[in-house]
Every structure is written in C-alpha cells, then in structure tokens.
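Visitor: The following file, coords-v2.pdb, comprises PDB, C-alpha atoms, pLDDT in the B column:
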ATOM      1  CA  LYS C   1       0.000   0.000   0.000  1.00 40.00           C
ATOM      2  CA  THR C   2       2.944   2.342   0.389  1.00 42.00           C
ATOM      3  CA  TRP C   3       4.917   1.906  -2.846  1.00 45.00           C
ATOM      4  CA  TRP C   4       2.324   2.241  -5.625  1.00 44.00           C
ATOM      5  CA  SER C   5       0.454   5.398  -6.430  1.00 47.00           C
ATOM      6  CA  ASN C   6      -1.239   4.667  -9.756  1.00 50.00           C
ATOM      7  CA  GLN C   7      -2.809   1.841 -11.725  1.00 49.00           C
ATOM      8  CA  GLU C   8       0.413   0.832 -13.494  1.00 49.00           C
ATOM      9  CA  GLN C   9       2.292   0.197 -10.265  1.00 49.00           C
ATOM     10  CA  CYS C  10      -0.675  -1.782  -8.925  1.00 49.00           C
ATOM     11  CA  ASP C  11      -0.631  -3.942 -12.064  1.00 50.00           C
ATOM     12  CA  VAL C  12       3.081  -4.571 -11.604  1.00 48.00           C
ATOM     13  CA  PHE C  13       2.476  -5.779  -8.077  1.00 48.00           C
ATOM     14  CA  VAL C  14      -0.314  -8.120  -9.165  1.00 47.00           C
ATOM     15  CA  VAL C  15       1.735  -9.563 -12.027  1.00 47.00           C
ATOM     16  CA  SER C  16       4.726 -10.110  -9.754  1.00 51.00           C
ATOM     17  CA  VAL C  17       2.617 -11.970  -7.170  1.00 46.00           C
ATOM     18  CA  ILE C  18       1.106 -14.232  -9.832  1.00 48.00           C
ATOM     19  CA  LEU C  19       4.467 -15.073 -11.357  1.00 48.00           C
ATOM     20  CA  TRP C  20       6.009 -15.643  -7.923  1.00 48.00           C
ATOM     21  CA  THR C  21       3.295 -18.170  -7.045  1.00 49.00           C
ATOM     22  CA  LYS C  22       3.747 -20.085 -10.291  1.00 48.00           C
ATOM     23  CA  ASN C  23       7.532 -20.214 -10.363  1.00 50.00           C
ATOM     24  CA  ARG C  24       9.498 -19.786  -7.178  1.00 48.00           C
ATOM     25  CA  SER C  25      12.875 -19.950  -8.799  1.00 45.00           C
ATOM     26  CA  ASN C  26      15.430 -17.174  -8.494  1.00 45.00           C
ATOM     27  CA  LYS C  27      15.346 -16.447 -12.232  1.00 44.00           C
ATOM     28  CA  THR C  28      11.669 -15.723 -12.169  1.00 42.00           C
ATOM     29  CA  THR C  29      12.122 -13.415  -9.185  1.00 42.00           C
ATOM     30  CA  ILE C  30      14.854 -11.496 -10.995  1.00 40.00           C
ATOM     31  CA  ARG C  31      12.635 -11.155 -14.062  1.00 45.00           C
ATOM     32  CA  ILE C  32       9.815  -9.904 -11.901  1.00 42.00           C
ATOM     33  CA  VAL C  33      12.037  -7.279 -10.384  1.00 43.00           C
ATOM     34  CA  GLN C  34      13.316  -6.232 -13.780  1.00 44.00           C
ATOM     35  CA  ASN C  35       9.790  -6.049 -15.183  1.00 47.00           C
ATOM     36  CA  LYS C  36       8.655  -4.007 -12.229  1.00 45.00           C
ATOM     37  CA  ARG C  37      11.538  -1.578 -12.625  1.00 46.00           C
ATOM     38  CA  SER C  38      10.979  -1.233 -16.369  1.00 47.00           C
ATOM     39  CA  LEU C  39       7.286  -0.541 -15.828  1.00 44.00           C
ATOM     40  CA  GLN C  40       8.148   1.989 -13.187  1.00 49.00           C
ATOM     41  CA  LYS C  41      10.494   3.658 -15.660  1.00 48.00           C
ATOM     42  CA  ILE C  42       7.733   3.650 -18.267  1.00 45.00           C
ATOM     43  CA  SER C  43       5.307   5.170 -15.774  1.00 49.00           C
ATOM     44  CA  ILE C  44       7.848   7.830 -14.825  1.00 46.00           C
ATOM     45  CA  THR C  45       8.483   8.599 -18.495  1.00 48.00           C
ATOM     46  CA  ARG C  46       4.780   8.893 -19.114  1.00 48.00           C
ATOM     47  CA  ARG C  47       4.455  11.248 -16.192  1.00 48.00           C
ATOM     48  CA  ARG C  48       7.214  13.410 -17.567  1.00 50.00           C
ATOM     49  CA  ASN C  49       5.629  13.478 -21.003  1.00 49.00           C
ATOM     50  CA  MET C  50       2.272  14.373 -19.522  1.00 49.00           C
ATOM     51  CA  GLY C  51       3.921  17.079 -17.478  1.00 51.00           C
ATOM     52  CA  GLY C  52       5.583  18.465 -20.605  1.00 54.00           C
ATOM     53  CA  SER C  53       2.321  18.524 -22.519  1.00 57.00           C
ATOM     54  CA  ASN C  54       0.613  20.213 -19.605  1.00 67.00           C
ATOM     55  CA  SER C  55       3.339  22.826 -19.442  1.00 78.00           C
ATOM     56  CA  LYS C  56       2.971  23.486 -23.177  1.00 79.00           C
ATOM     57  CA  GLU C  57      -0.787  23.853 -22.794  1.00 81.00           C
ATOM     58  CA  GLU C  58      -0.289  26.167 -19.850  1.00 82.00           C
ATOM     59  CA  LYS C  59       2.171  28.235 -21.866  1.00 81.00           C
ATOM     60  CA  LEU C  60      -0.287  28.471 -24.763  1.00 82.00           C
ATOM     61  CA  ASN C  61      -3.036  29.472 -22.371  1.00 84.00           C
ATOM     62  CA  GLN C  62      -0.801  32.122 -20.826  1.00 83.00           C
ATOM     63  CA  ASP C  63       0.091  33.455 -24.292  1.00 82.00           C
ATOM     64  CA  GLU C  64      -3.581  33.608 -25.242  1.00 85.00           C
ATOM     65  CA  LYS C  65      -4.415  35.387 -22.003  1.00 84.00           C
ATOM     66  CA  ALA C  66      -1.569  37.853 -22.542  1.00 86.00           C
ATOM     67  CA  SER C  67      -2.690  38.498 -26.128  1.00 87.00           C
ATOM     68  CA  THR C  68      -6.282  39.018 -25.006  1.00 89.00           C
ATOM     69  CA  PHE C  69      -5.123  41.333 -22.238  1.00 86.00           C
ATOM     70  CA  LEU C  70      -3.054  43.415 -24.667  1.00 88.00           C
ATOM     71  CA  GLN C  71      -5.976  43.644 -27.079  1.00 89.00           C
ATOM     72  CA  ASN C  72      -8.254  44.799 -24.284  1.00 90.00           C
ATOM     73  CA  VAL C  73      -5.706  47.389 -23.185  1.00 91.00           C
ATOM     74  CA  LYS C  74      -5.333  48.619 -26.778  1.00 89.00           C
ATOM     75  CA  MET C  75      -9.103  48.895 -27.179  1.00 91.00           C
ATOM     76  CA  ASN C  76      -9.426  50.760 -23.883  1.00 93.00           C
ATOM     77  CA  VAL C  77      -6.661  53.182 -24.853  1.00 93.00           C
ATOM     78  CA  GLU C  78      -8.229  53.794 -28.276  1.00 93.00           C
ATOM     79  CA  ASP C  79     -11.631  54.344 -26.681  1.00 94.00           C
ATOM     80  CA  GLU C  80     -10.158  56.785 -24.177  1.00 94.00           C
ATOM     81  CA  ILE C  81      -8.410  58.702 -26.959  1.00 95.00           C
ATOM     82  CA  ALA C  82     -11.651  58.753 -28.967  1.00 95.00           C
ATOM     83  CA  ARG C  83     -13.574  60.061 -25.936  1.00 95.00           C
ATOM     84  CA  ARG C  84     -11.074  62.863 -25.428  1.00 96.00           C
ATOM     85  CA  MET C  85     -11.174  63.780 -29.110  1.00 96.00           C
ATOM     86  CA  MET C  86     -14.975  63.765 -28.980  1.00 96.00           C
ATOM     87  CA  LEU C  87     -14.955  66.025 -25.930  1.00 96.00           C
ATOM     88  CA  GLN C  88     -12.478  68.396 -27.594  1.00 96.00           C
ATOM     89  CA  ARG C  89     -14.643  68.513 -30.730  1.00 95.00           C
ATOM     90  CA  GLU C  90     -17.798  69.197 -28.727  1.00 96.00           C
ATOM     91  CA  VAL C  91     -16.103  72.008 -26.808  1.00 97.00           C
ATOM     92  CA  GLN C  92     -14.869  73.591 -30.048  1.00 96.00           C
ATOM     93  CA  LEU C  93     -18.287  73.343 -31.687  1.00 95.00           C
ATOM     94  CA  ALA C  94     -19.974  74.776 -28.615  1.00 96.00           C
ATOM     95  CA  VAL C  95     -17.551  77.717 -28.639  1.00 97.00           C
ATOM     96  CA  ASN C  96     -18.251  78.337 -32.346  1.00 96.00           C
ATOM     97  CA  ILE C  97     -22.005  78.274 -31.774  1.00 97.00           C
ATOM     98  CA  ALA C  98     -21.616  80.614 -28.795  1.00 97.00           C
ATOM     99  CA  LYS C  99     -19.569  83.009 -30.950  1.00 97.00           C
ATOM    100  CA  ALA C 100     -22.275  82.928 -33.621  1.00 97.00           C
ATOM    101  CA  ARG C 101     -24.931  83.785 -31.054  1.00 97.00           C
ATOM    102  CA  ASP C 102     -22.810  86.607 -29.673  1.00 97.00           C
ATOM    103  CA  SER C 103     -22.265  88.011 -33.173  1.00 97.00           C
ATOM    104  CA  LEU C 104     -25.968  87.704 -33.883  1.00 97.00           C
ATOM    105  CA  MET C 105     -26.798  89.677 -30.748  1.00 97.00           C
ATOM    106  CA  ILE C 106     -24.317  92.495 -31.503  1.00 97.00           C
ATOM    107  CA  PHE C 107     -24.794  92.899 -35.259  1.00 96.00           C
ATOM    108  CA  GLY C 108     -28.487  92.078 -35.018  1.00 96.00           C
ATOM    109  CA  SER C 109     -28.959  94.933 -32.595  1.00 96.00           C
ATOM    110  CA  ALA C 110     -27.118  97.331 -34.927  1.00 96.00           C
ATOM    111  CA  TRP C 111     -29.125  96.127 -37.940  1.00 96.00           C
ATOM    112  CA  ALA C 112     -32.396  96.429 -36.026  1.00 96.00           C
ATOM    113  CA  THR C 113     -31.466  99.991 -34.991  1.00 96.00           C
ATOM    114  CA  LEU C 114     -30.726 100.925 -38.593  1.00 95.00           C
ATOM    115  CA  VAL C 115     -33.961  99.455 -39.864  1.00 95.00           C
ATOM    116  CA  THR C 116     -35.945 101.142 -37.080  1.00 96.00           C
ATOM    117  CA  GLY C 117     -34.375 104.534 -37.844  1.00 95.00           C
ATOM    118  CA  VAL C 118     -35.085 104.222 -41.564  1.00 94.00           C
ATOM    119  CA  GLY C 119     -38.640 103.185 -40.813  1.00 94.00           C
ATOM    120  CA  PHE C 120     -39.230 106.185 -38.541  1.00 93.00           C
ATOM    121  CA  ALA C 121     -37.726 108.526 -41.140  1.00 93.00           C
ATOM    122  CA  ARG C 122     -39.988 107.111 -43.809  1.00 91.00           C
ATOM    123  CA  ALA C 123     -43.005 107.361 -41.519  1.00 92.00           C
ATOM    124  CA  MET C 124     -42.220 111.002 -40.760  1.00 91.00           C
ATOM    125  CA  GLY C 125     -41.862 111.801 -44.451  1.00 90.00           C
ATOM    126  CA  ARG C 126     -38.188 112.636 -44.360  1.00 90.00           C
ATOM    127  CA  PRO C 127     -36.013 111.759 -47.348  1.00 90.00           C
ATOM    128  CA  VAL C 128     -33.979 108.577 -46.991  1.00 89.00           C
ATOM    129  CA  PRO C 129     -31.034 107.867 -49.332  1.00 91.00           C
ATOM    130  CA  ALA C 130     -31.467 104.865 -51.564  1.00 90.00           C
ATOM    131  CA  LEU C 131     -28.046 103.578 -50.566  1.00 92.00           C
ATOM    132  CA  VAL C 132     -29.382 102.845 -47.091  1.00 92.00           C
ATOM    133  CA  GLY C 133     -31.148  99.854 -48.554  1.00 92.00           C
ATOM    134  CA  VAL C 134     -27.798  98.197 -49.402  1.00 95.00           C
ATOM    135  CA  PRO C 135     -26.648  97.582 -45.808  1.00 94.00           C
ATOM    136  CA  ILE C 136     -30.166  96.631 -44.833  1.00 95.00           C
ATOM    137  CA  VAL C 137     -30.372  93.881 -47.484  1.00 96.00           C
ATOM    138  CA  ILE C 138     -26.784  92.636 -47.136  1.00 96.00           C
ATOM    139  CA  GLY C 139     -26.944  92.830 -43.353  1.00 96.00           C
ATOM    140  CA  GLY C 140     -30.166  90.836 -43.351  1.00 96.00           C
ATOM    141  CA  LEU C 141     -28.563  88.068 -45.411  1.00 97.00           C
ATOM    142  CA  LEU C 142     -25.491  87.920 -43.179  1.00 96.00           C
ATOM    143  CA  LEU C 143     -27.591  87.905 -40.033  1.00 97.00           C
ATOM    144  CA  GLY C 144     -29.716  85.100 -41.468  1.00 97.00           C
ATOM    145  CA  ASN C 145     -26.581  83.049 -42.092  1.00 96.00           C
ATOM    146  CA  ILE C 146     -25.328  83.688 -38.554  1.00 97.00           C
ATOM    147  CA  ALA C 147     -28.743  82.842 -37.097  1.00 97.00           C
ATOM    148  CA  ASP C 148     -28.757  79.573 -39.038  1.00 97.00           C
ATOM    149  CA  MET C 149     -25.411  78.695 -37.456  1.00 95.00           C
ATOM    150  CA  ALA C 150     -26.466  79.822 -33.988  1.00 96.00           C
ATOM    151  CA  TYR C 151     -29.937  78.274 -33.808  1.00 96.00           C
ATOM    152  CA  GLY C 152     -30.515  76.351 -37.048  1.00 95.00           C
ATOM    153  CA  ASN C 153     -29.197  73.146 -38.576  1.00 95.00           C
ATOM    154  CA  LYS C 154     -26.422  74.653 -40.659  1.00 95.00           C
ATOM    155  CA  LEU C 155     -23.783  72.726 -38.717  1.00 94.00           C
ATOM    156  CA  ASN C 156     -25.505  69.421 -39.495  1.00 95.00           C
ATOM    157  CA  ARG C 157     -25.726  70.270 -43.186  1.00 96.00           C
ATOM    158  CA  VAL C 158     -22.032  71.100 -43.232  1.00 95.00           C
ATOM    159  CA  VAL C 159     -21.186  67.798 -41.501  1.00 95.00           C
ATOM    160  CA  ASN C 160     -23.240  65.835 -44.033  1.00 96.00           C
ATOM    161  CA  GLU C 161     -21.488  67.574 -46.897  1.00 97.00           C
ATOM    162  CA  ALA C 162     -18.121  66.866 -45.279  1.00 95.00           C
ATOM    163  CA  GLU C 163     -18.991  63.172 -45.049  1.00 96.00           C
ATOM    164  CA  TYR C 164     -19.845  63.118 -48.754  1.00 96.00           C
ATOM    165  CA  ILE C 165     -16.565  64.847 -49.666  1.00 95.00           C
ATOM    166  CA  MET C 166     -14.520  62.454 -47.539  1.00 94.00           C
ATOM    167  CA  GLU C 167     -16.155  59.417 -49.108  1.00 93.00           C
ATOM    168  CA  GLN C 168     -16.564  60.508 -52.738  1.00 92.00           C
ATOM    169  CA  GLU C 169     -13.937  63.227 -53.279  1.00 92.00           C
ATOM    170  CA  ARG C 170     -10.841  62.073 -51.393  1.00 91.00           C
ATOM    171  CA  GLY C 171      -8.763  63.256 -54.338  1.00 91.00           C
ATOM    172  CA  ARG C 172      -9.110  66.799 -53.014  1.00 92.00           C
ATOM    173  CA  PHE C 173      -7.075  65.865 -49.940  1.00 93.00           C
ATOM    174  CA  VAL C 174      -3.972  64.635 -51.765  1.00 92.00           C
ATOM    175  CA  PRO C 175      -0.953  66.359 -50.156  1.00 92.00           C
ATOM    176  CA  ALA C 176       2.416  67.212 -51.623  1.00 90.00           C
ATOM    177  CA  LYS C 177       4.637  64.242 -52.411  1.00 88.00           C
ATOM    178  CA  GLN C 178       7.090  65.362 -49.716  1.00 92.00           C
ATOM    179  CA  ALA C 179       4.533  64.636 -46.990  1.00 93.00           C
ATOM    180  CA  HIS C 180       5.114  61.401 -45.096  1.00 92.00           C
ATOM    181  CA  PHE C 181       1.463  60.366 -45.345  1.00 92.00           C
ATOM    182  CA  SER C 182       1.174  60.884 -49.108  1.00 91.00           C
ATOM    183  CA  LYS C 183       1.828  57.161 -49.571  1.00 91.00           C
ATOM    184  CA  PHE C 184      -1.599  56.382 -48.131  1.00 92.00           C
ATOM    185  CA  TYR C 185      -3.313  57.895 -51.194  1.00 91.00           C
ATOM    186  CA  THR C 186      -3.766  55.717 -54.251  1.00 90.00           C
ATOM    187  CA  ASP C 187      -2.719  56.621 -57.777  1.00 89.00           C
ATOM    188  CA  GLU C 188      -6.375  56.888 -58.813  1.00 89.00           C
ATOM    189  CA  GLU C 189      -7.022  59.467 -56.099  1.00 89.00           C
ATOM    190  CA  LYS C 190      -3.959  61.447 -57.152  1.00 88.00           C
ATOM    191  CA  GLN C 191      -5.001  61.471 -60.793  1.00 88.00           C
ATOM    192  CA  VAL C 192      -8.444  62.938 -60.105  1.00 87.00           C
ATOM    193  CA  TYR C 193      -7.400  66.478 -59.138  1.00 85.00           C
ATOM    194  CA  TYR C 194      -3.724  66.648 -58.165  1.00 81.00           C
ATOM    195  CA  ASP C 195      -2.061  65.448 -61.366  1.00 78.00           C
ATOM    196  CA  ASN C 196      -4.406  67.456 -63.602  1.00 80.00           C
ATOM    197  CA  SER C 197      -3.889  70.765 -61.807  1.00 84.00           C
ATOM    198  CA  SER C 198      -1.236  73.380 -62.554  1.00 83.00           C
ATOM    199  CA  PRO C 199       0.925  75.184 -60.005  1.00 84.00           C
ATOM    200  CA  VAL C 200      -0.111  78.733 -59.138  1.00 83.00           C
ATOM    201  CA  GLY C 201       3.213  80.115 -60.339  1.00 81.00           C
ATOM    202  CA  GLU C 202       2.553  78.822 -63.860  1.00 82.00           C
ATOM    203  CA  MET C 203      -0.857  80.478 -64.199  1.00 82.00           C
ATOM    204  CA  PHE C 204      -1.741  83.968 -65.417  1.00 80.00           C
ATOM    205  CA  PRO C 205      -0.520  86.535 -64.461  1.00 83.00           C
ATOM    206  CA  ASN C 206       2.223  84.996 -62.315  1.00 78.00           C
ATOM    207  CA  ARG C 207       3.873  83.220 -65.229  1.00 77.00           C
ATOM    208  CA  PHE C 208       4.444  86.573 -66.955  1.00 78.00           C
ATOM    209  CA  VAL C 209       5.279  88.699 -63.908  1.00 79.00           C
ATOM    210  CA  PHE C 210       7.425  86.139 -62.092  1.00 79.00           C
ATOM    211  CA  PRO C 211       8.471  83.543 -64.683  1.00 79.00           C
ATOM    212  CA  ARG C 212      10.001  80.384 -63.347  1.00 77.00           C
ATOM    213  CA  SER C 213      13.285  78.996 -64.477  1.00 73.00           C
ATOM    214  CA  ASN C 214      13.278  75.597 -66.158  1.00 60.00           C
ATOM    215  CA  SER C 215      15.950  74.321 -63.798  1.00 50.00           C
TER     216      SER C 215
END
Could you render the structure as structure tokens?
Guide:
Amino acid sequence: KTWWSNQEQCDVFVVSVILWTKNRSNKTTIRIVQNKRSLQKISITRRRNMGGSNSKEEKLNQDEKASTFLQNVKMNVEDEIARRMMLQREVQLAVNIAKARDSLMIFGSAWATLVTGVGFARAMGRPVPALVGVPIVIGGLLLGNIADMAYGNKLNRVVNEAEYIMEQERGRFVPAKQAHFSKFYTDEEKQVYYDNSSPVGEMFPNRFVFPRSNS
C-alpha cells in the first residue's frame, strides 16, 4: 500500500505476485524485479511526457491570455483617446455656436437699430437715401446666415457635406509628395485632381510677372 500510487504500479504488483506463485525460482524473481523496474520507468516517463504537454498547454493558455489582455488594453486606450477627441470637438463646436450667437446679438442689434431709424424717417416723411437699402439687405442676409449657425441646422448640413466629400472626393485631400502620409493615397485618387492641376506660379498673371526657371 505504500509503494504504488497509480494503476500501473498496482498492475506490476499483481503480475509479480502471480508469477512468484507459479515459479518460485530465483530467475523468475529477478525477471519480476526487472519487469517491475521497467514498468516503473515507463510510468515515470509517461508522467514526464504528460507534465511536458501540460506545461505546453499552460504556456499556450498564458500566451492567449496575454494576447487578449493586450488587445483589451489597446481597445481601452483607443476608446479613451476617442472620448477625449470627442470632448475636444464638442467644446470647439460649442464655442463656435456661442460666438455665432454673440455676433448675432451684436450685429443684429445694430441692424435692427438701422432698420428702425429708416422706418421712422420714412413714416415722418423725411427723405432717406437709396443707398441705405444696401446695408439693410446685405446685413439681413449675413444675419440670417449667422442665425442659421447659432440656432438652425447649418452645422448638421455642413457635416453631411463633409462626409460626402470624404467618401466621394478624397482626391481633393492629396498632399504634396514630400509629406510622409502621401503614400496612403492611391494613384487613382492622385489622378483625379492633383495630377491634372497646374501650379499657381505657372498660371496667369504669375507666369508673366514672375516667370520660373526651367531648372
């Protein structure tokens, strides 16, 4: 009961007892001992092999866990960066909308004062220059544009147009070939606008006033 710990060692003991009862010679006893030792060696070898396979499986599991952990960390970092960029964008947009409302309040008050004064002058029968109508009309258009930005959906329309340009007209974003990120643009995108356009220095009147050397 003290020297075996698994089924193989128990089988060795049973086989040795059976053989010892059949043949009580010294040769048989020696063979039994040798068989028992060889089986013990086999059992030890099997244990070592099983231990090696378990260690390999454990190593693979640890590698998978480490890879999963790194992926989770990368995703968390990217999400945190995206949240900060989103917050920065929202702050900038809020500041722009606040500026539009402030401009609308200031210039709207001036435009309303001008229109009120012209209206009173007309009501009192005093002559009003025709040129006064120019700032009234132009100012009304500008104030309408500012009001659309401050309280309307102009910002959403601009974002939708920007999405269309980014998806359908990426050729407009092609940078100079010296830029490090110019390699991310395909040849088709470069041929749409960039390759077919001329430098400013070669267009009229620059090409006649400041001609470029061929070198």
Visitor: Please, what distance in Å, to one decimal, runs between CA of Leu114 (chain C) and CA of Gly133 (chain C)?
Guide: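 Interatomic distance here is 10.0 Å.
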Visitor: May I ask for the distance between CA of Ala112 (chain C) and CA of Leu143 (chain C), given in Å to one decimal place?
Guide: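 Taking CA of Ala112 (chain C) as the start and CA of Leu143 (chain C) as the end point, the length is 10.6 Å.
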Visitor: Determine the nearest neighbour of Val192 (chain C) from the options C:Arg89, C:Arg172, C:Arg122, C:Lys56, counting all atoms listed in the file.
Guide: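 Comparing C:Arg89, C:Arg172, C:Arg122, C:Lys56 against Val192 (chain C), the winner is C:Arg172.
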Visitor: Rounded to one decimal in Å, what is the spacing between CA of Phe184 (chain C) and CA of Gln168 (chain C)?
Guide: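 Computed distance, CA of Phe184 (chain C) to CA of Gln168 (chain C), equals 16.2 Å.
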Visitor: For the structure provided, state which residues fall under the PyMOL selection byres ((chain C and resi 108) around 10), and present them as a ChimeraX atom specification.
Guide: /C:101-107,109-114,139-140,142-144,146-147
Visitor: Calculated over all atoms listed in the file, which of the candidates C:Lys183, C:Arg207, C:Ser55, C:Val115 has the smallest distance to Pro135 (chain C)?
Guide: C:Val115
Visitor: Which is closer to Ala94 (chain C) than all the others in C:Ser67, C:Tyr194, C:Leu155, C:Ile81, using only C-alpha atoms?
Guide: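 Residue with the minimum atom-to-atom distance to Ala94 (chain C): C:Leu155.
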Visitor: Smallest atom-to-atom distance to Leu93 (chain C): which of C:Ile165, C:Glu188, C:Met149, C:His180, using only C-alpha atoms?
Guide: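 Comparing C:Ile165, C:Glu188, C:Met149, C:His180 against Leu93 (chain C), the winner is C:Met149.
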Visitor: So, with all atoms listed in the file as the atoms that count, which of C:Phe120, C:Phe204, C:Tyr193, C:Phe181 lies closest to Glu169 (chain C)?
Guide: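 Under the stated criterion, the closest residue is C:Tyr193.
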